[in-house]
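J.: Here it is: the structure, laid out below.
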Amino acid sequence: MLPVPPAGCADVWWLDITSVAVGRGELAELSLEEHKRAAAFVFRADRRRYTAAHVMLRRVVSGYLDIPPSSLAFRREPCPRCGKPTGRPALPFGYGVHFSLAHSGDAVVIAVAGQQVGVDVEQQPAGCVCSMSTDMDADDAEWGRALSEAGRHELVIRWWVRAEAVLKCTGEGIGHGIGEFPVLGSPDGPVGRAVPGGPDQLVAATSVHGCSLISLPAPAGYQAALALAGDNSAIRLAVRAPWTSAARRPSRSEPPVR
Amino acid sequence: MSEPKGRGAAWTEERGTSDEGRRRLTAPRRRAEDTAIADELRHVLAGATGRSELLRITLDTPLFGTAVALDSLTGTLLLREVRHRFGVDVAREDLNLDALATLGTLAAFVSQRTPLTAGSG
């Protein structure tokens with residue numbers, strides 16, 4: 001069983017969904033609700049991404065608890081602002097494990113910590129994202145004025161993943177608070193700082209909205225960020241499964257999902 | 001809840017539609033306008049995501065939830081593009097976001113708040 005990261009620390013797990021086959025054995029680990037959600041997808045690729053991400057989430061969280069993946073019962077905490085059940089995902093009794101899941105394109109990332117944690121990843125969109133600048137905090141938007149169009153697109157996505165990581169950490173979500181505070185400021189700098197891979201990297205964090213925020217290393221064409229509750233000047237980061245080697249690859253002997 | 005101290009100015013010029021040219025509308029012309037707006041919304045989605053399959057979604061396809069797997073960024077970008085192209089701020093005018101139930105409901109919501117284009121219908 002993996003130890004839950006102590007205060008100021010977080011574990012990160014990456015998965016490339018193109019590297020896994022999700023078979024009957026893996027699908028059996030999902031809940032009825034997860035099966036219903038998977039069945040609602042119009043496109044097969046979206047269904048596959050969802051199932052792979054949630055199989056991985058169950059297996060990762062299971063690794064920190066003495067509970068089989070299929071026995072985990074997830075729930076949503078109430079939003080701290082509006083009280084609706086749209087807050088952070090959690091386990092019924094907590095178990096002292098906090099986690100956050102994000103996926104975009106072929107990338108899935110899961111963060112696990114002993115305190116509230118939020119993670120986000122986004123694939124660089126195909127189209128122009130400059131219209132999003134009107135949602136940015138004025139200080140954050142200022143960084144984009146001197147950049148080329150490509151630089152502005154990168155900046156918008158950097159801003160988005162950092163803001164969403166914070167709002168996932170607090171449980172508010174992007175329905176509240178996006179653009180209400182700057183997220184690109186020092187010491188991470190306007191475009192963040194690349195975080196080297198490997199275990200136990202100590203990364204300087206920015207204090208944002210009651211959280212400690214860092215940019216995560218991400219696959220080419222993606223950007224990612226992680227936020228931990230509380231004011232930590234640095235986050236000790238352990239990349240348990242780097243992008244190049246998936247956390248656990250389900251058996252390919254199983255027939256693929258639909 | 002504290003008010004945000006300020007938002008970033010647009011890096012690109014907004015192209016909102018004006019009220020000029022608004023007139024009484026007939027149902028057939030409005031339906032044609034809905035179809036044209038739905039087509040444009042499909043192109044916005046496909047362009048933002050790089051997913052050409054979104055050009056084929058039907059009017060009854062839910063936009064949020066799981067059906068077409070729009071993530072939070074793409075969903076937000078869709079609303080920004082609706083504001084940019086049609087001058088309709090869905091989030092401000094429809095607080096419950098009922099308009100976002102399906103592609104068809106969003107197209108109708110936008111259509112009802114924009115003047116008909118010349119010669120439509």
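Chains: A, B, ... in order of the structure tokens. Residues: from 1 per chain. Ligands: from 1, in order shown.
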Wanna dump the chain A-chain B contacts at 6 Å for me, each residue with its shortest atom pair and the distance in Å to one decimal, counting only C-alpha atoms, ordered by chain and number, as a Markdown table?

T.:
| residue | atom | partner | partner_atom | distance |
| --- | --- | --- | --- | --- |
| A:Ala40 | CA | B:Ala67 | CA | 5.4 |
| A:Phe41 | CA | B:Ala67 | CA | 4.1 |
| A:Val42 | CA | B:Ala67 | CA | 5.2 |
| A:Pro125 | CA | B:Thr49 | CA | 5.7 |
| A:Ala126 | CA | B:Gly50 | CA | 5.1 |
| A:Gly127 | CA | B:Ala48 | CA | 4.6 |
| A:Ser133 | CA | B:Ala10 | CA | 5.6 |
| A:Thr134 | CA | B:Gly8 | CA | 4.8 |
| A:Asp135 | CA | B:Arg7 | CA | 5.9 |
| A:Met136 | CA | B:Gly8 | CA | 5.0 |
| A:Asp137 | CA | B:Arg7 | CA | 4.5 |
| A:Ala138 | CA | B:Gly8 | CA | 4.1 |
| A:Ala141 | CA | B:Gly8 | CA | 4.8 |
| A:Glu180 | CA | B:Pro4 | CA | 4.6 |

J.: Could you dump the residues just selected with N, CA and C atoms as a tab-separated table (two decimals), in the first residue's frame?

T.:
chain	number	residue	atom	x	y	z
A	40	ALA	N	-23.57	7.34	-22.21
A	40	ALA	CA	-24.19	8.56	-22.73
A	40	ALA	C	-23.33	9.25	-23.79
A	41	PHE	N	-22.08	8.82	-23.95
A	41	PHE	CA	-21.23	9.47	-24.94
A	41	PHE	C	-21.70	9.16	-26.35
A	42	VAL	N	-21.67	10.16	-27.21
A	42	VAL	CA	-22.04	9.99	-28.61
A	42	VAL	C	-20.92	9.31	-29.38
A	125	PRO	N	-5.79	24.04	-27.72
A	125	PRO	CA	-6.92	23.97	-28.66
A	125	PRO	C	-6.48	24.23	-30.10
A	126	ALA	N	-7.28	23.71	-31.02
A	126	ALA	CA	-6.95	23.87	-32.43
A	126	ALA	C	-7.19	25.30	-32.90
A	127	GLY	N	-8.16	25.97	-32.29
A	127	GLY	CA	-8.53	27.31	-32.75
A	127	GLY	C	-7.97	28.41	-31.87
A	133	SER	N	-9.43	36.18	-23.24
A	133	SER	CA	-8.67	37.19	-22.49
A	133	SER	C	-9.59	38.07	-21.66
A	134	THR	N	-10.84	38.22	-22.10
A	134	THR	CA	-11.76	39.08	-21.35
A	134	THR	C	-12.15	38.47	-20.01
A	135	ASP	N	-11.92	37.18	-19.84
A	135	ASP	CA	-12.23	36.52	-18.57
A	135	ASP	C	-11.07	36.54	-17.60
A	136	MET	N	-9.90	36.94	-18.07
A	136	MET	CA	-8.71	36.89	-17.22
A	136	MET	C	-8.67	38.06	-16.25
A	137	ASP	N	-8.08	37.83	-15.11
A	137	ASP	CA	-7.76	38.93	-14.20
A	137	ASP	C	-6.88	39.93	-14.98
A	138	ALA	N	-7.06	41.21	-14.68
A	138	ALA	CA	-6.35	42.25	-15.45
A	138	ALA	C	-4.84	42.06	-15.41
A	141	ALA	N	-3.98	39.22	-17.76
A	141	ALA	CA	-4.16	39.58	-19.17
A	141	ALA	C	-3.03	40.47	-19.66
A	180	GLU	N	-11.15	35.85	-11.09
A	180	GLU	CA	-11.31	36.75	-9.95
A	180	GLU	C	-9.99	37.03	-9.24

J.: So which residues of stretch 2-216 of chain A fall under helix (DSSP H, G or I) by DSSP, listed as a ChimeraX atom specification?

T.: /A:17-19,24-27,32-39,44-62,69-71,130-135,138-142,149-170

J.: What separation in Å, quoted to one decimal, exists between atom CA of A:Leu213 and atom CA of A:Ala225?

T.: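 Interatomic distance, atom CA of A:Leu213 to atom CA of A:Ala225: 7.3 Å.
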
J.: Which is closest to B:Arg56 among A:Phe43, A:Gly173, A:Val12, A:Leu237, if we use only C-alpha atoms?

T.: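 Of the candidates, the smallest distance to B:Arg56 is held by A:Phe43.
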
J.: Using only C-alpha atoms, which residue out of A:Gln223, A:Thr170, A:Ser233, A:Thr51 lies closest to A:His98?

T.: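 Residue with the minimum atom-to-atom distance to A:His98: A:Thr170.
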
J.: Looking at only C-alpha atoms, which of A:Ser131, A:His176, A:Pro219, A:Ile214 is the one that sits closest to A:Cys82?

T.: A:His176

J.: Please, what distance in Å, to one decimal, runs between atom CA of A:Arg44 and atom CA of B:Asp98?

T.: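 Distance reported for this atom pair: 26.3 Å.
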
J.: Using only C-alpha atoms, which residues sit within 8 Å of A:Trp159 once same-chain residues fewer than 5 positions away are excluded, as number ranges by chain?

T.: A: 136, 140, 183-184

J.: What does the distance between atom CA of B:Glu33 and atom CA of B:Ser111 come to in Å, to one decimal place?

T.: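 So the answer is 6.5 Å.
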
J.: Residues at most 7 Å from A:Ala234, counting only C-alpha atoms, excluding those fewer than 6 positions away in the same chain, as a list in words?

T.: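 After dropping sequence-adjacent residues, the list is Leu202, Val203, Ala204 and Ala205 of chain A.
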
J.: Residues as selected, C-alpha atoms, written as a PDB file, in the first residue's frame, can you do that?

T.:
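As written to disk, out04.pdb reads:
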ATOM      1  CA  LEU A 202      10.806  20.328  -4.667  1.00  0.00           C
ATOM      2  CA  VAL A 203       9.034  22.973  -6.709  1.00  0.00           C
ATOM      3  CA  ALA A 204       8.614  26.626  -5.713  1.00  0.00           C
ATOM      4  CA  ALA A 205       4.913  27.455  -5.485  1.00  0.00           C
TER       5      ALA A 205
END
